[in-house]
file entry03.pdb (PDB, C-alpha atoms, pLDDT in the B column)
ATOM      1  CA  MET X   1      96.808 109.887  97.342  1.00 45.00           C
ATOM      2  CA  GLU X   2      99.386 111.954  99.286  1.00 49.00           C
ATOM      3  CA  ASN X   3      96.962 114.456 100.807  1.00 54.00           C
ATOM      4  CA  SER X   4      93.934 112.258 101.363  1.00 82.00           C
ATOM      5  CA  TYR X   5      93.194 110.411 104.563  1.00 90.00           C
ATOM      6  CA  TYR X   6      94.072 106.756 104.320  1.00 96.00           C
ATOM      7  CA  ARG X   7      95.857 104.155 106.377  1.00 98.00           C
ATOM      8  CA  ILE X   8      98.896 101.984 105.920  1.00 98.00           C
ATOM      9  CA  MET X   9      98.883  98.385 107.117  1.00 98.00           C
ATOM     10  CA  ALA X  10     101.868  96.296 108.134  1.00 98.00           C
ATOM     11  CA  LEU X  11     101.999  92.516 108.176  1.00 97.00           C
ATOM     12  CA  ASP X  12     104.420  90.309 110.039  1.00 94.00           C
ATOM     13  CA  TYR X  13     103.875  87.184 107.956  1.00 95.00           C
ATOM     14  CA  GLY X  14     104.513  83.814 109.548  1.00 91.00           C
ATOM     15  CA  ASP X  15     103.631  80.162 109.022  1.00 93.00           C
ATOM     16  CA  VAL X  16     101.196  80.055 111.969  1.00 93.00           C
ATOM     17  CA  ARG X  17     100.206  83.681 112.569  1.00 94.00           C
ATOM     18  CA  ILE X  18     100.158  87.033 110.819  1.00 96.00           C
ATOM     19  CA  GLY X  19     100.693  90.097 112.958  1.00 95.00           C
ATOM     20  CA  ILE X  20      98.664  93.040 111.689  1.00 97.00           C
ATOM     21  CA  ALA X  21      99.128  96.736 112.479  1.00 97.00           C
ATOM     22  CA  LEU X  22      97.421  99.849 111.119  1.00 98.00           C
ATOM     23  CA  SER X  23      98.469 103.463 110.983  1.00 98.00           C
ATOM     24  CA  ASP X  24      96.219 106.323 111.949  1.00 96.00           C
ATOM     25  CA  VAL X  25      94.735 108.256 109.009  1.00 94.00           C
ATOM     26  CA  THR X  26      97.521 110.829 109.164  1.00 92.00           C
ATOM     27  CA  ARG X  27     100.081 108.019 108.775  1.00 94.00           C
ATOM     28  CA  PHE X  28     102.021 109.182 111.832  1.00 93.00           C
ATOM     29  CA  LEU X  29     101.357 106.497 114.434  1.00 95.00           C
ATOM     30  CA  ALA X  30     101.290 102.696 114.176  1.00 96.00           C
ATOM     31  CA  THR X  31      98.942 100.652 116.351  1.00 95.00           C
ATOM     32  CA  GLY X  32      98.694  96.905 116.733  1.00 94.00           C
ATOM     33  CA  TYR X  33      95.491  95.640 115.179  1.00 97.00           C
ATOM     34  CA  GLU X  34      95.395  91.855 115.385  1.00 95.00           C
ATOM     35  CA  ASN X  35      97.325  88.662 115.903  1.00 94.00           C
ATOM     36  CA  TYR X  36      95.645  86.596 113.189  1.00 96.00           C
ATOM     37  CA  THR X  37      95.932  82.808 113.331  1.00 96.00           C
ATOM     38  CA  ARG X  38      96.252  81.486 109.795  1.00 97.00           C
ATOM     39  CA  ILE X  39      93.559  79.216 108.338  1.00 98.00           C
ATOM     40  CA  SER X  40      94.337  78.839 104.621  1.00 98.00           C
ATOM     41  CA  LEU X  41      95.939  81.065 102.028  1.00 97.00           C
ATOM     42  CA  ASP X  42      92.585  82.106 100.534  1.00 98.00           C
ATOM     43  CA  LYS X  43      90.919  82.753 103.906  1.00 98.00           C
ATOM     44  CA  ASP X  44      93.994  84.619 105.164  1.00 98.00           C
ATOM     45  CA  CYS X  45      94.012  86.893 102.106  1.00 98.00           C
ATOM     46  CA  GLU X  46      90.236  87.421 102.262  1.00 98.00           C
ATOM     47  CA  HIS X  47      90.542  88.412 105.930  1.00 98.00           C
ATOM     48  CA  ILE X  48      93.322  90.901 105.214  1.00 98.00           C
ATOM     49  CA  ALA X  49      91.486  92.307 102.183  1.00 98.00           C
ATOM     50  CA  GLN X  50      88.407  92.896 104.355  1.00 98.00           C
ATOM     51  CA  ILE X  51      90.493  94.859 106.866  1.00 98.00           C
ATOM     52  CA  VAL X  52      91.943  96.850 103.944  1.00 98.00           C
ATOM     53  CA  ARG X  53      88.431  97.728 102.717  1.00 98.00           C
ATOM     54  CA  ASP X  54      87.043  98.494 106.186  1.00 98.00           C
ATOM     55  CA  ASN X  55      89.931 100.826 107.071  1.00 97.00           C
ATOM     56  CA  ASN X  56      90.686 102.578 103.765  1.00 97.00           C
ATOM     57  CA  VAL X  57      94.166 101.059 103.548  1.00 98.00           C
ATOM     58  CA  LYS X  58      96.112 102.133 100.456  1.00 98.00           C
ATOM     59  CA  VAL X  59      99.512 100.570 101.250  1.00 98.00           C
ATOM     60  CA  ILE X  60     100.390  97.205 102.788  1.00 98.00           C
ATOM     61  CA  VAL X  61     103.921  96.863 104.145  1.00 97.00           C
ATOM     62  CA  LEU X  62     105.282  93.374 104.608  1.00 96.00           C
ATOM     63  CA  GLY X  63     108.188  92.786 106.904  1.00 91.00           C
ATOM     64  CA  LEU X  64     110.882  91.204 104.757  1.00 90.00           C
ATOM     65  CA  PRO X  65     113.008  88.708 106.678  1.00 84.00           C
ATOM     66  CA  ILE X  66     116.476  89.418 105.369  1.00 80.00           C
ATOM     67  CA  ASN X  67     119.378  87.391 106.744  1.00 72.00           C
ATOM     68  CA  MET X  68     121.904  89.198 108.925  1.00 71.00           C
ATOM     69  CA  ASP X  69     124.446  89.044 106.065  1.00 77.00           C
ATOM     70  CA  GLY X  70     121.985  90.901 103.798  1.00 75.00           C
ATOM     71  CA  THR X  71     120.945  87.899 101.700  1.00 78.00           C
ATOM     72  CA  LYS X  72     117.354  86.844 101.117  1.00 81.00           C
ATOM     73  CA  GLY X  73     116.572  83.268 102.079  1.00 82.00           C
ATOM     74  CA  GLU X  74     113.570  80.948 102.079  1.00 88.00           C
ATOM     75  CA  ARG X  75     111.508  83.126 104.466  1.00 88.00           C
ATOM     76  CA  ALA X  76     111.917  86.129 102.160  1.00 90.00           C
ATOM     77  CA  SER X  77     110.831  83.990  99.182  1.00 93.00           C
ATOM     78  CA  LYS X  78     107.723  82.863 101.084  1.00 95.00           C
ATOM     79  CA  THR X  79     106.942  86.486 101.927  1.00 95.00           C
ATOM     80  CA  TYR X  80     107.207  87.531  98.271  1.00 96.00           C
ATOM     81  CA  GLU X  81     104.972  84.612  97.235  1.00 97.00           C
ATOM     82  CA  PHE X  82     102.393  85.574  99.858  1.00 97.00           C
ATOM     83  CA  ALA X  83     102.453  89.206  98.708  1.00 97.00           C
ATOM     84  CA  GLU X  84     101.923  88.171  95.100  1.00 97.00           C
ATOM     85  CA  TYR X  85      98.942  86.023  96.093  1.00 98.00           C
ATOM     86  CA  LEU X  86      97.545  88.776  98.360  1.00 98.00           C
ATOM     87  CA  SER X  87      97.689  91.242  95.451  1.00 98.00           C
ATOM     88  CA  LYS X  88      94.900  89.220  93.775  1.00 98.00           C
ATOM     89  CA  PHE X  89      92.578  90.142  96.683  1.00 98.00           C
ATOM     90  CA  THR X  90      93.279  93.867  97.036  1.00 98.00           C
ATOM     91  CA  ASP X  91      94.337  96.895  94.995  1.00 96.00           C
ATOM     92  CA  ALA X  92      96.441  98.265  97.867  1.00 98.00           C
ATOM     93  CA  LYS X  93     100.056  98.902  96.937  1.00 98.00           C
ATOM     94  CA  ILE X  94     102.391  96.333  98.488  1.00 98.00           C
ATOM     95  CA  ASP X  95     105.740  97.439  99.830  1.00 97.00           C
ATOM     96  CA  TYR X  96     108.463  95.790 101.935  1.00 96.00           C
ATOM     97  CA  LEU X  97     110.612  96.769 104.879  1.00 91.00           C
ATOM     98  CA  ASP X  98     113.674  94.969 106.185  1.00 86.00           C
ATOM     99  CA  GLU X  99     112.477  93.409 109.434  1.00 78.00           C
ATOM    100  CA  ARG X 100     115.836  92.229 110.782  1.00 63.00           C
ATOM    101  CA  LEU X 101     115.742  92.174 114.582  1.00 56.00           C
ATOM    102  CA  THR X 102     112.094  93.278 114.740  1.00 62.00           C
ATOM    103  CA  SER X 103     111.019  90.132 116.605  1.00 61.00           C
ATOM    104  CA  VAL X 104     113.996  90.498 118.935  1.00 59.00           C
ATOM    105  CA  SER X 105     112.985  94.104 119.677  1.00 63.00           C
ATOM    106  CA  ALA X 106     109.376  93.081 120.248  1.00 62.00           C
ATOM    107  CA  GLU X 107     110.432  90.276 122.576  1.00 61.00           C
ATOM    108  CA  LYS X 108     112.656  92.660 124.585  1.00 69.00           C
ATOM    109  CA  ILE X 109     109.812  95.173 124.917  1.00 67.00           C
ATOM    110  CA  LEU X 110     107.451  92.489 126.198  1.00 61.00           C
ATOM    111  CA  ILE X 111     110.022  91.071 128.618  1.00 65.00           C
ATOM    112  CA  SER X 112     110.832  94.534 129.982  1.00 66.00           C
ATOM    113  CA  ALA X 113     107.091  95.075 130.483  1.00 63.00           C
ATOM    114  CA  ASP X 114     107.072  91.822 132.510  1.00 62.00           C
ATOM    115  CA  VAL X 115     104.620  90.124 130.138  1.00 60.00           C
ATOM    116  CA  SER X 116     104.345  86.391 130.813  1.00 64.00           C
ATOM    117  CA  ARG X 117     105.812  83.943 128.305  1.00 65.00           C
ATOM    118  CA  LYS X 118     102.318  82.694 127.359  1.00 64.00           C
ATOM    119  CA  LYS X 119     100.981  86.217 126.836  1.00 63.00           C
ATOM    120  CA  ARG X 120     104.116  87.212 124.871  1.00 58.00           C
ATOM    121  CA  LYS X 121     103.402  84.428 122.387  1.00 66.00           C
ATOM    122  CA  GLU X 122      99.867  85.763 121.960  1.00 65.00           C
ATOM    123  CA  VAL X 123     100.947  89.322 121.092  1.00 69.00           C
ATOM    124  CA  LEU X 124     104.470  89.028 119.659  1.00 74.00           C
ATOM    125  CA  ASP X 125     103.473  89.027 115.971  1.00 82.00           C
ATOM    126  CA  LYS X 126     101.123  91.985 116.386  1.00 88.00           C
ATOM    127  CA  LEU X 127     103.837  93.953 118.183  1.00 85.00           C
ATOM    128  CA  SER X 128     106.358  93.009 115.485  1.00 87.00           C
ATOM    129  CA  ALA X 129     103.940  94.313 112.830  1.00 92.00           C
ATOM    130  CA  THR X 130     103.544  97.523 114.842  1.00 92.00           C
ATOM    131  CA  ILE X 131     107.323  98.022 114.975  1.00 90.00           C
ATOM    132  CA  ILE X 132     107.624  97.346 111.223  1.00 93.00           C
ATOM    133  CA  LEU X 133     104.884  99.866 110.506  1.00 95.00           C
ATOM    134  CA  GLN X 134     106.273 102.552 112.816  1.00 92.00           C
ATOM    135  CA  ASP X 135     109.697 102.161 111.195  1.00 90.00           C
ATOM    136  CA  TYR X 136     108.059 102.509 107.769  1.00 95.00           C
ATOM    137  CA  LEU X 137     106.076 105.593 108.864  1.00 95.00           C
ATOM    138  CA  ASP X 138     109.226 107.163 110.306  1.00 90.00           C
ATOM    139  CA  VAL X 139     111.056 106.662 106.996  1.00 86.00           C
ATOM    140  CA  LEU X 140     108.100 108.250 105.144  1.00 88.00           C
ATOM    141  CA  SER X 141     108.039 111.279 107.454  1.00 85.00           C
ATOM    142  CA  ARG X 142     111.779 111.830 106.973  1.00 83.00           C
ATOM    143  CA  LYS X 143     111.264 111.809 103.189  1.00 80.00           C
ATOM    144  CA  ASN X 144     108.529 114.464 103.381  1.00 69.00           C
TER     145      ASN X 144
END
call {"tool": "encode", "arguments": {"input": "entry03.pdb", "output": "structure tokens"}}
result
Amino acid sequence: MENSYYRIMALDYGDVRIGIALSDVTRFLATGYENYTRISLDKDCEHIAQIVRDNNVKVIVLGLPINMDGTKGERASKTYEFAEYLSKFTDAKIDYLDERLTSVSAEKILISADVSRKKRKEVLDKLSATIILQDYLDVLSRKN
């Protein structure tokens, strides 16, 4: 798997939307893919699994919302439950990355780019997923 061309996907999982980002096939650069509005757990997982199949995704990284004191709360539990359910729809490996301050960073980027409040809401989750994925890719490149 290390030398073949495949992509890594990141998800910023939320109650209303799921931000989705994909790496390039060399796993160097993260790009925002979609701001998906949730429908139902089954439909959400089917949609993600289809993207996995269409893009040769081998790893799915979920942003793990860890509290600032390092503890894992209700949001982290929901993320783990979602990942477990998603694993029934795809064979992609599921991994996690601490997403503390990711949404804050995304919001700051959008504000500095003078993106309107309405437009920020439309792209925030996708940008958060992109930041999660780029952080993950950067960690991988430092390991190699």
call {"tool": "resolve_selection", "arguments": {"input": "entry03.pdb", "expression": "the PyMOL selection byres ((chain X and resi 24) around 12)", "output": "list in words"}}
result
Tyr5, Tyr6, Arg7, Ile8, Met9, Ala21, Leu22, Ser23, Val25, Thr26, Arg27, Phe28, Leu29, Ala30, Thr31, Gly32, Tyr33, Asn55, Asn56, Val57, Thr130, Leu133, Gln134 and Leu137 of chain X
call {"tool": "write_last_selection", "arguments": {"input": "entry03.pdb", "atoms": "C-alpha atoms", "output": "PDB file, in the frame of the given file"}}
result
ATOM      1  CA  TYR X   5      93.194 110.411 104.563  1.00 90.00           C
ATOM      2  CA  TYR X   6      94.072 106.756 104.320  1.00 96.00           C
ATOM      3  CA  ARG X   7      95.857 104.155 106.377  1.00 98.00           C
ATOM      4  CA  ILE X   8      98.896 101.984 105.920  1.00 98.00           C
ATOM      5  CA  MET X   9      98.883  98.385 107.117  1.00 98.00           C
ATOM      6  CA  ALA X  21      99.128  96.736 112.479  1.00 97.00           C
ATOM      7  CA  LEU X  22      97.421  99.849 111.119  1.00 98.00           C
ATOM      8  CA  SER X  23      98.469 103.463 110.983  1.00 98.00           C
ATOM      9  CA  VAL X  25      94.735 108.256 109.009  1.00 94.00           C
ATOM     10  CA  THR X  26      97.521 110.829 109.164  1.00 92.00           C
ATOM     11  CA  ARG X  27     100.081 108.019 108.775  1.00 94.00           C
ATOM     12  CA  PHE X  28     102.021 109.182 111.832  1.00 93.00           C
ATOM     13  CA  LEU X  29     101.357 106.497 114.434  1.00 95.00           C
ATOM     14  CA  ALA X  30     101.290 102.696 114.176  1.00 96.00           C
ATOM     15  CA  THR X  31      98.942 100.652 116.351  1.00 95.00           C
ATOM     16  CA  GLY X  32      98.694  96.905 116.733  1.00 94.00           C
ATOM     17  CA  TYR X  33      95.491  95.640 115.179  1.00 97.00           C
ATOM     18  CA  ASN X  55      89.931 100.826 107.071  1.00 97.00           C
ATOM     19  CA  ASN X  56      90.686 102.578 103.765  1.00 97.00           C
ATOM     20  CA  VAL X  57      94.166 101.059 103.548  1.00 98.00           C
ATOM     21  CA  THR X 130     103.544  97.523 114.842  1.00 92.00           C
ATOM     22  CA  LEU X 133     104.884  99.866 110.506  1.00 95.00           C
ATOM     23  CA  GLN X 134     106.273 102.552 112.816  1.00 92.00           C
ATOM     24  CA  LEU X 137     106.076 105.593 108.864  1.00 95.00           C
TER      25      LEU X 137
END
call {"tool": "closest_residue", "arguments": {"input": "entry03.pdb", "among": "X:Leu124, X:Leu62, X:Ile131, X:Leu97", "to": "Leu11 in chain X", "atoms": "all atoms listed in the file"}}
result
X:Leu62
call {"tool": "axis_aligned_box", "arguments": {"input": "entry03.pdb", "around": "range 122-131 of chain X", "padding_each_side": "8 Å", "output": "lines of an AutoDock Vina configuration file"}}
result
center_x = 103.6
center_y = 91.9
center_z = 117.4
size_x = 23.5
size_y = 28.3
size_z = 25.1
call {"tool": "resolve_selection", "arguments": {"input": "entry03.pdb", "expression": "the PyMOL selection byres ((chain X and resi 13) around 10)", "output": "PyMOL selection string"}}
result
chain X and resi 10-12+14-20+36+38+62-65+75-76+78-79+82-83+125+128-129
call {"tool": "write_last_selection", "arguments": {"input": "entry03.pdb", "atoms": "C-alpha atoms", "output": "PDB file, in the frame of the given file"}}
result
ATOM      1  CA  ALA X  10     101.868  96.296 108.134  1.00 98.00           C
ATOM      2  CA  LEU X  11     101.999  92.516 108.176  1.00 97.00           C
ATOM      3  CA  ASP X  12     104.420  90.309 110.039  1.00 94.00           C
ATOM      4  CA  GLY X  14     104.513  83.814 109.548  1.00 91.00           C
ATOM      5  CA  ASP X  15     103.631  80.162 109.022  1.00 93.00           C
ATOM      6  CA  VAL X  16     101.196  80.055 111.969  1.00 93.00           C
ATOM      7  CA  ARG X  17     100.206  83.681 112.569  1.00 94.00           C
ATOM      8  CA  ILE X  18     100.158  87.033 110.819  1.00 96.00           C
ATOM      9  CA  GLY X  19     100.693  90.097 112.958  1.00 95.00           C
ATOM     10  CA  ILE X  20      98.664  93.040 111.689  1.00 97.00           C
ATOM     11  CA  TYR X  36      95.645  86.596 113.189  1.00 96.00           C
ATOM     12  CA  ARG X  38      96.252  81.486 109.795  1.00 97.00           C
ATOM     13  CA  LEU X  62     105.282  93.374 104.608  1.00 96.00           C
ATOM     14  CA  GLY X  63     108.188  92.786 106.904  1.00 91.00           C
ATOM     15  CA  LEU X  64     110.882  91.204 104.757  1.00 90.00           C
ATOM     16  CA  PRO X  65     113.008  88.708 106.678  1.00 84.00           C
ATOM     17  CA  ARG X  75     111.508  83.126 104.466  1.00 88.00           C
ATOM     18  CA  ALA X  76     111.917  86.129 102.160  1.00 90.00           C
ATOM     19  CA  LYS X  78     107.723  82.863 101.084  1.00 95.00           C
ATOM     20  CA  THR X  79     106.942  86.486 101.927  1.00 95.00           C
ATOM     21  CA  PHE X  82     102.393  85.574  99.858  1.00 97.00           C
ATOM     22  CA  ALA X  83     102.453  89.206  98.708  1.00 97.00           C
ATOM     23  CA  ASP X 125     103.473  89.027 115.971  1.00 82.00           C
ATOM     24  CA  SER X 128     106.358  93.009 115.485  1.00 87.00           C
ATOM     25  CA  ALA X 129     103.940  94.313 112.830  1.00 92.00           C
TER      26      ALA X 129
END
call {"tool": "atom_distance", "arguments": {"input": "entry03.pdb", "atom1": "CA of Glu46 in chain X", "atom2": "CA of Ile66 in chain X"}}
result
26.5 Å
call {"tool": "atom_distance", "arguments": {"input": "entry03.pdb", "atom1": "CA of Thr90 in chain X", "atom2": "CA of Ile39 in chain X"}}
result
18.5 Å
call {"tool": "atom_distance", "arguments": {"input": "entry03.pdb", "atom1": "CA of Asp98 in chain X", "atom2": "CA of Thr37 in chain X"}}
result
22.7 Å
call {"tool": "residues_around", "arguments": {"input": "entry03.pdb", "residues": "Ile94 in chain X", "least_positions_apart": "3", "cutoff": "9 Å", "atoms": "only C-alpha atoms", "output": "number ranges by chain"}}
result
X: 58-62, 83-84, 86-87, 91
call {"tool": "decode", "arguments": {"input": "entry03.pdb", "residues": "range 60-71 of chain X", "atoms": "all heavy atoms", "output": "CSV table (one decimal), in the first residue's frame"}}
result
chain,number,residue,atom,x,y,z
X,60,ILE,N,-9.3,6.8,5.8
X,60,ILE,CA,-10.2,7.9,6.2
X,60,ILE,C,-9.7,8.4,7.5
X,60,ILE,O,-9.6,7.6,8.5
X,60,ILE,CB,-11.6,7.4,6.3
X,60,ILE,CG1,-12.1,6.8,4.9
X,60,ILE,CG2,-12.6,8.5,6.8
X,60,ILE,CD1,-13.5,6.1,5.0
X,61,VAL,N,-9.5,9.7,7.6
X,61,VAL,CA,-9.1,10.3,8.8
X,61,VAL,C,-10.2,11.1,9.4
X,61,VAL,O,-10.8,12.0,8.7
X,61,VAL,CB,-7.9,11.3,8.6
X,61,VAL,CG1,-7.4,11.9,9.9
X,61,VAL,CG2,-6.7,10.5,8.0
X,62,LEU,N,-10.6,10.8,10.6
X,62,LEU,CA,-11.7,11.6,11.2
X,62,LEU,C,-11.1,12.6,12.2
X,62,LEU,O,-10.2,12.2,13.0
X,62,LEU,CB,-12.7,10.7,11.9
X,62,LEU,CG,-13.7,10.1,11.0
X,62,LEU,CD1,-14.0,8.7,11.4
X,62,LEU,CD2,-15.0,10.9,11.2
X,63,GLY,N,-11.5,13.8,12.1
X,63,GLY,CA,-11.1,14.8,13.1
X,63,GLY,C,-11.7,14.4,14.5
X,63,GLY,O,-12.9,14.2,14.5
X,64,LEU,N,-10.8,14.3,15.5
X,64,LEU,CA,-11.3,13.8,16.8
X,64,LEU,C,-11.4,15.1,17.7
X,64,LEU,O,-10.4,15.7,18.0
X,64,LEU,CB,-10.4,12.8,17.4
X,64,LEU,CG,-10.9,12.0,18.6
X,64,LEU,CD1,-12.2,11.3,18.3
X,64,LEU,CD2,-9.9,11.1,19.1
X,65,PRO,N,-12.6,15.5,18.1
X,65,PRO,CA,-12.8,16.6,18.9
X,65,PRO,C,-12.4,16.4,20.4
X,65,PRO,O,-13.2,15.9,21.2
X,65,PRO,CB,-14.3,17.0,18.8
X,65,PRO,CG,-14.9,15.7,18.4
X,65,PRO,CD,-13.9,14.9,17.7
X,66,ILE,N,-11.2,16.6,20.7
X,66,ILE,CA,-10.7,16.5,22.0
X,66,ILE,C,-10.8,17.8,22.8
X,66,ILE,O,-10.5,18.8,22.2
X,66,ILE,CB,-9.2,16.0,22.0
X,66,ILE,CG1,-9.1,14.6,21.3
X,66,ILE,CG2,-8.6,15.9,23.4
X,66,ILE,CD1,-7.7,14.1,21.1
X,67,ASN,N,-11.2,17.7,24.0
X,67,ASN,CA,-11.3,18.9,24.8
X,67,ASN,C,-10.0,19.6,25.0
X,67,ASN,O,-8.9,18.9,25.0
X,67,ASN,CB,-12.0,18.6,26.2
X,67,ASN,CG,-13.4,18.1,26.0
X,67,ASN,OD1,-14.1,18.5,25.2
X,67,ASN,ND2,-13.7,17.1,26.9
X,68,MET,N,-9.9,20.9,25.4
X,68,MET,CA,-8.7,21.6,25.5
X,68,MET,C,-7.8,21.0,26.7
X,68,MET,O,-6.6,21.1,26.6
X,68,MET,CB,-8.9,23.1,25.8
X,68,MET,CG,-9.5,23.8,24.5
X,68,MET,SD,-8.6,23.5,23.0
X,68,MET,CE,-7.1,24.4,23.3
X,69,ASP,N,-8.5,20.3,27.6
X,69,ASP,CA,-7.7,19.7,28.7
X,69,ASP,C,-7.2,18.3,28.4
X,69,ASP,O,-6.7,17.6,29.2
X,69,ASP,CB,-8.5,19.7,30.0
X,69,ASP,CG,-9.8,18.8,29.9
X,69,ASP,OD1,-10.0,18.2,28.9
X,69,ASP,OD2,-10.5,18.8,31.0
X,70,GLY,N,-7.5,17.9,27.1
X,70,GLY,CA,-7.0,16.6,26.7
X,70,GLY,C,-8.0,15.4,26.9
X,70,GLY,O,-7.7,14.3,26.5
X,71,THR,N,-9.1,15.7,27.5
X,71,THR,CA,-10.1,14.6,27.7
X,71,THR,C,-11.0,14.5,26.5
X,71,THR,O,-11.1,15.4,25.6
X,71,THR,CB,-11.0,15.0,28.9
X,71,THR,OG1,-11.7,16.2,28.7
X,71,THR,CG2,-10.2,15.1,30.2
